[in-house]
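First the structure, in the form of structure tokens, and then the observations on it.
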Amino acid sequence: MWRLSPDTGGLKSMNKISQAFDGKKAFIPFITAGDPDLDTTRELLLAMQEAGADLIEIGIPFSDPVAEGPVIQEADLRALQAGTTTDKIFDMVKSISDRLVVPVVFMTYINPVYVYGIEKFAKKTKECGVSGIIVPDVPYEEKEEIRSVFSQYELTVISMIAPTSADRARMIAKEAEGFVYCVSSMGVTGVRTEISTGISTLIEQVKSVKDIPCAIGFGISTPAQAKEMAAISDGAIVGSAIVRIVAEHGKDSVSYVKKYVESMKQAVIESLF
């Protein structure tokens, strides 16, 4: 298992997150909570776990998701129009927390966290069994403001490193917890036909500083891409491709997403050979 410093905040959640990478490559799917509704989201979470997901990201919808492409932006809008709120998401996740064996993290933006209240948000996150949070629009220099609060609740704040952060990769890696979310290419989330191979250099920089799992996200949509990215990292993260399936099939999307996750997980496994 990945070695963790005994004085690191959020130790329990990091232990659970590290289990997603323990002796294997991780497949990490993302869905937007409340798209098309929270009942479907609940079913999707359990179906993705059954299909082999090692860790799951739950997107909390926001009206101005600056890091997201049109697919996830539209999902956020649908979720908000359906009446999805942060409190309802907490309640939904809590209702199946005893059935969610794999670690779960929220992905959201700093505005919803501030509006809700940082400490209240952290407390609710802990109560519903979630292990941590990813906040794309909080830079490294401002991360401590939320990390200091979340660590009190044994929660992990996941760091993101993008190609534009290459010169700061070692600095970010030194303070990283749980795993490092390595952004494959510049721009917003979305399906891509080609993914930059320069990401391997970024991962090498992280690994030179800290023995921590690195998972690649942004643009991965096919089994071939998942296999390629997992081969040079510790796992693959897929969001837009899954959200697009949900957009197409709505309340009937569960079986389609499950089949897709199974195929992507298999590709990640094959990257070991």
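Letters A, B, ... go to the chains of the structure tokens in the order shown; residues in each chain start at 1; ligands are counted from 1 in the same order.
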
Using only C-alpha atoms, which protein or nucleic acid residues come within 12 Å of A:Ile245? Drop anything in the same chain fewer than 2 positions from it, and give the result as a ChimeraX atom specification.
/A:30-32,35-36,44,71-72,75,221,238-243,247-261

Taking 3 positions as the minimum chain separation for residues in the same chain, which residues sit within 7 Å of A:Gly217 when counting only C-alpha atoms? Answer as a short mmCIF file (atom, residue, chain, number, x, y, z; two decimals) with N, CA, C and O atoms, in the first residue's frame.
```cif
data_model
loop_
_atom_site.label_atom_id
_atom_site.label_comp_id
_atom_site.auth_asym_id
_atom_site.auth_seq_id
_atom_site.Cartn_x
_atom_site.Cartn_y
_atom_site.Cartn_z
N TYR A 181 -4.61 14.13 -9.39
CA TYR A 181 -5.43 14.16 -10.61
C TYR A 181 -4.59 14.87 -11.67
O TYR A 181 -4.39 16.08 -11.60
N CYS A 182 -4.08 14.11 -12.63
CA CYS A 182 -3.23 14.67 -13.69
C CYS A 182 -4.09 14.97 -14.92
O CYS A 182 -4.66 14.05 -15.52
N VAL A 183 -4.16 16.23 -15.27
CA VAL A 183 -4.98 16.67 -16.41
C VAL A 183 -4.20 16.40 -17.70
O VAL A 183 -3.07 16.85 -17.86
N SER A 184 -4.82 15.65 -18.60
CA SER A 184 -4.11 15.15 -19.78
C SER A 184 -3.73 16.23 -20.79
O SER A 184 -2.74 16.10 -21.51
N ILE A 220 -10.43 11.18 -21.91
CA ILE A 220 -10.44 9.73 -22.10
C ILE A 220 -11.88 9.26 -22.34
O ILE A 220 -12.77 9.55 -21.55
N ALA A 236 -7.14 5.68 -14.73
CA ALA A 236 -7.80 6.54 -15.72
C ALA A 236 -9.11 7.07 -15.15
O ALA A 236 -9.87 6.33 -14.51
N ILE A 237 -9.36 8.36 -15.42
CA ILE A 237 -10.58 9.03 -14.96
C ILE A 237 -11.42 9.36 -16.19
O ILE A 237 -10.91 9.94 -17.15
N VAL A 238 -12.70 9.01 -16.15
CA VAL A 238 -13.58 9.27 -17.29
C VAL A 238 -14.86 9.95 -16.82
O VAL A 238 -15.54 9.44 -15.93
#
```

Could you tell me, as an MDAnalysis selection string, which residues of stretch 154-251 of chain A DSSP assigns to strand (DSSP E or B) when given the backbone?
chainID A and resid 156:161 180:183 214:217 235:238

Long-range neighbours of A:Phe273 as an MDAnalysis selection string, 9 Å cut-off, only C-alpha atoms, 3 positions minimum in chain
chainID A and resid 231 269:270

Any chance you could export the current selection's N, CA, C and O atoms as a tab-separated table (two decimals), in the first residue's frame?
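Output below, filename again-v3.tsv:
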```tsv
chain	number	residue	atom	x	y	z
A	231	ALA	N	-1.51	2.74	-18.64
A	231	ALA	CA	-0.19	2.11	-18.78
A	231	ALA	C	0.93	3.03	-18.29
A	231	ALA	O	1.98	2.55	-17.84
A	269	ILE	N	-7.37	-2.82	-16.71
A	269	ILE	CA	-6.72	-4.05	-16.24
A	269	ILE	C	-5.69	-4.54	-17.27
A	269	ILE	O	-4.58	-4.94	-16.92
A	270	GLU	N	-6.06	-4.48	-18.54
A	270	GLU	CA	-5.18	-4.94	-19.60
A	270	GLU	C	-3.92	-4.10	-19.73
A	270	GLU	O	-2.92	-4.56	-20.28
```

Contacts of A:Pro112 at 9 Å or less, counting only C-alpha atoms, minus same-chain residues fewer than 4 places along, as a PyMOL selection string?
chain A and resi 60-62+86+108+116-117

File of the preceding selection, all heavy atoms, as a short mmCIF file (atom, residue, chain, number, x, y, z; two decimals), in the first residue's frame:
```
data_model
loop_
_atom_site.label_atom_id
_atom_site.label_comp_id
_atom_site.auth_asym_id
_atom_site.auth_seq_id
_atom_site.Cartn_x
_atom_site.Cartn_y
_atom_site.Cartn_z
N ILE A 60 -20.96 17.87 -8.13
CA ILE A 60 -22.03 18.69 -7.56
C ILE A 60 -22.32 19.80 -8.56
O ILE A 60 -21.44 20.61 -8.86
CB ILE A 60 -21.62 19.28 -6.20
CG1 ILE A 60 -21.42 18.14 -5.19
CG2 ILE A 60 -22.67 20.27 -5.69
CD1 ILE A 60 -21.00 18.60 -3.81
N PRO A 61 -23.52 19.84 -9.14
CA PRO A 61 -23.80 20.80 -10.21
C PRO A 61 -23.65 22.25 -9.76
O PRO A 61 -24.01 22.61 -8.64
CB PRO A 61 -25.25 20.48 -10.61
CG PRO A 61 -25.82 19.76 -9.44
CD PRO A 61 -24.69 19.01 -8.83
N PHE A 62 -23.12 23.04 -10.68
CA PHE A 62 -22.86 24.46 -10.43
C PHE A 62 -23.18 25.21 -11.71
O PHE A 62 -22.96 24.71 -12.81
CB PHE A 62 -21.40 24.65 -10.00
CG PHE A 62 -20.98 26.08 -9.81
CD1 PHE A 62 -21.74 26.96 -9.05
CD2 PHE A 62 -19.80 26.56 -10.38
CE1 PHE A 62 -21.35 28.28 -8.86
CE2 PHE A 62 -19.39 27.87 -10.19
CZ PHE A 62 -20.17 28.73 -9.44
N THR A 86 -27.37 20.91 -3.03
CA THR A 86 -26.27 20.27 -2.30
C THR A 86 -26.80 19.41 -1.17
O THR A 86 -26.33 18.28 -0.96
CB THR A 86 -25.29 21.33 -1.77
OG1 THR A 86 -24.81 22.12 -2.87
CG2 THR A 86 -24.10 20.69 -1.08
N THR A 108 -16.44 19.64 -7.16
CA THR A 108 -17.26 20.84 -7.24
C THR A 108 -16.36 22.06 -7.33
O THR A 108 -15.14 21.94 -7.47
CB THR A 108 -18.20 20.94 -6.02
OG1 THR A 108 -19.12 22.01 -6.23
CG2 THR A 108 -17.44 21.18 -4.73
N TYR A 116 -22.22 27.42 0.94
CA TYR A 116 -22.73 26.46 1.92
C TYR A 116 -22.07 26.65 3.28
O TYR A 116 -22.69 26.40 4.33
CB TYR A 116 -22.47 25.03 1.41
CG TYR A 116 -23.32 23.98 2.07
CD1 TYR A 116 -24.60 23.68 1.59
CD2 TYR A 116 -22.85 23.28 3.17
CE1 TYR A 116 -25.38 22.70 2.20
CE2 TYR A 116 -23.63 22.31 3.78
CZ TYR A 116 -24.89 22.02 3.30
OH TYR A 116 -25.65 21.07 3.91
N GLY A 117 -20.81 27.10 3.23
CA GLY A 117 -20.01 27.21 4.46
C GLY A 117 -18.99 26.09 4.47
O GLY A 117 -19.37 24.92 4.42
#
```

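Here atom CA of A:Arg168 and atom CA of A:Gly69 stand 24.7 Å from one another.
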
Can you pull out every residue within 8 Å of A:Phe90, counting only C-alpha atoms, but drop anything in the same chain fewer than 5 positions away, and send it as an mmCIF file with N, CA and C atoms, in the first residue's frame?
```
data_model
loop_
_atom_site.group_PDB
_atom_site.id
_atom_site.type_symbol
_atom_site.label_atom_id
_atom_site.label_comp_id
_atom_site.auth_asym_id
_atom_site.auth_seq_id
_atom_site.Cartn_x
_atom_site.Cartn_y
_atom_site.Cartn_z
ATOM 1 N N LYS A 124 -20.840 17.725 6.519
ATOM 2 C CA LYS A 124 -21.849 16.964 5.786
ATOM 3 C C LYS A 124 -21.195 15.906 4.886
ATOM 4 N N THR A 125 -20.064 16.281 4.287
ATOM 5 C CA THR A 125 -19.333 15.348 3.433
ATOM 6 C C THR A 125 -18.908 14.129 4.229
ATOM 7 N N CYS A 128 -21.885 11.757 5.190
ATOM 8 C CA CYS A 128 -22.478 10.908 4.149
ATOM 9 C C CYS A 128 -21.493 9.869 3.610
#
```

Would you compute the distance between atom CA of A:Ala176 and atom CA of A:Ala162? Give it in Å to one decimal.
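So the answer is 13.8 Å.
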
Can you pull out the residues contacting A:Ala33? Cut-off 9 Å, using only C-alpha atoms, and skip same-chain residues under 6 positions away; I want them as a PyMOL selection string.
chain A and resi 40-42+58-61+75-76+79+84+89

Quick one, how far is atom CA of A:Ser159 from atom CA of A:Leu46?
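Between atom CA of A:Ser159 and atom CA of A:Leu46 the gap is 25.8 Å.
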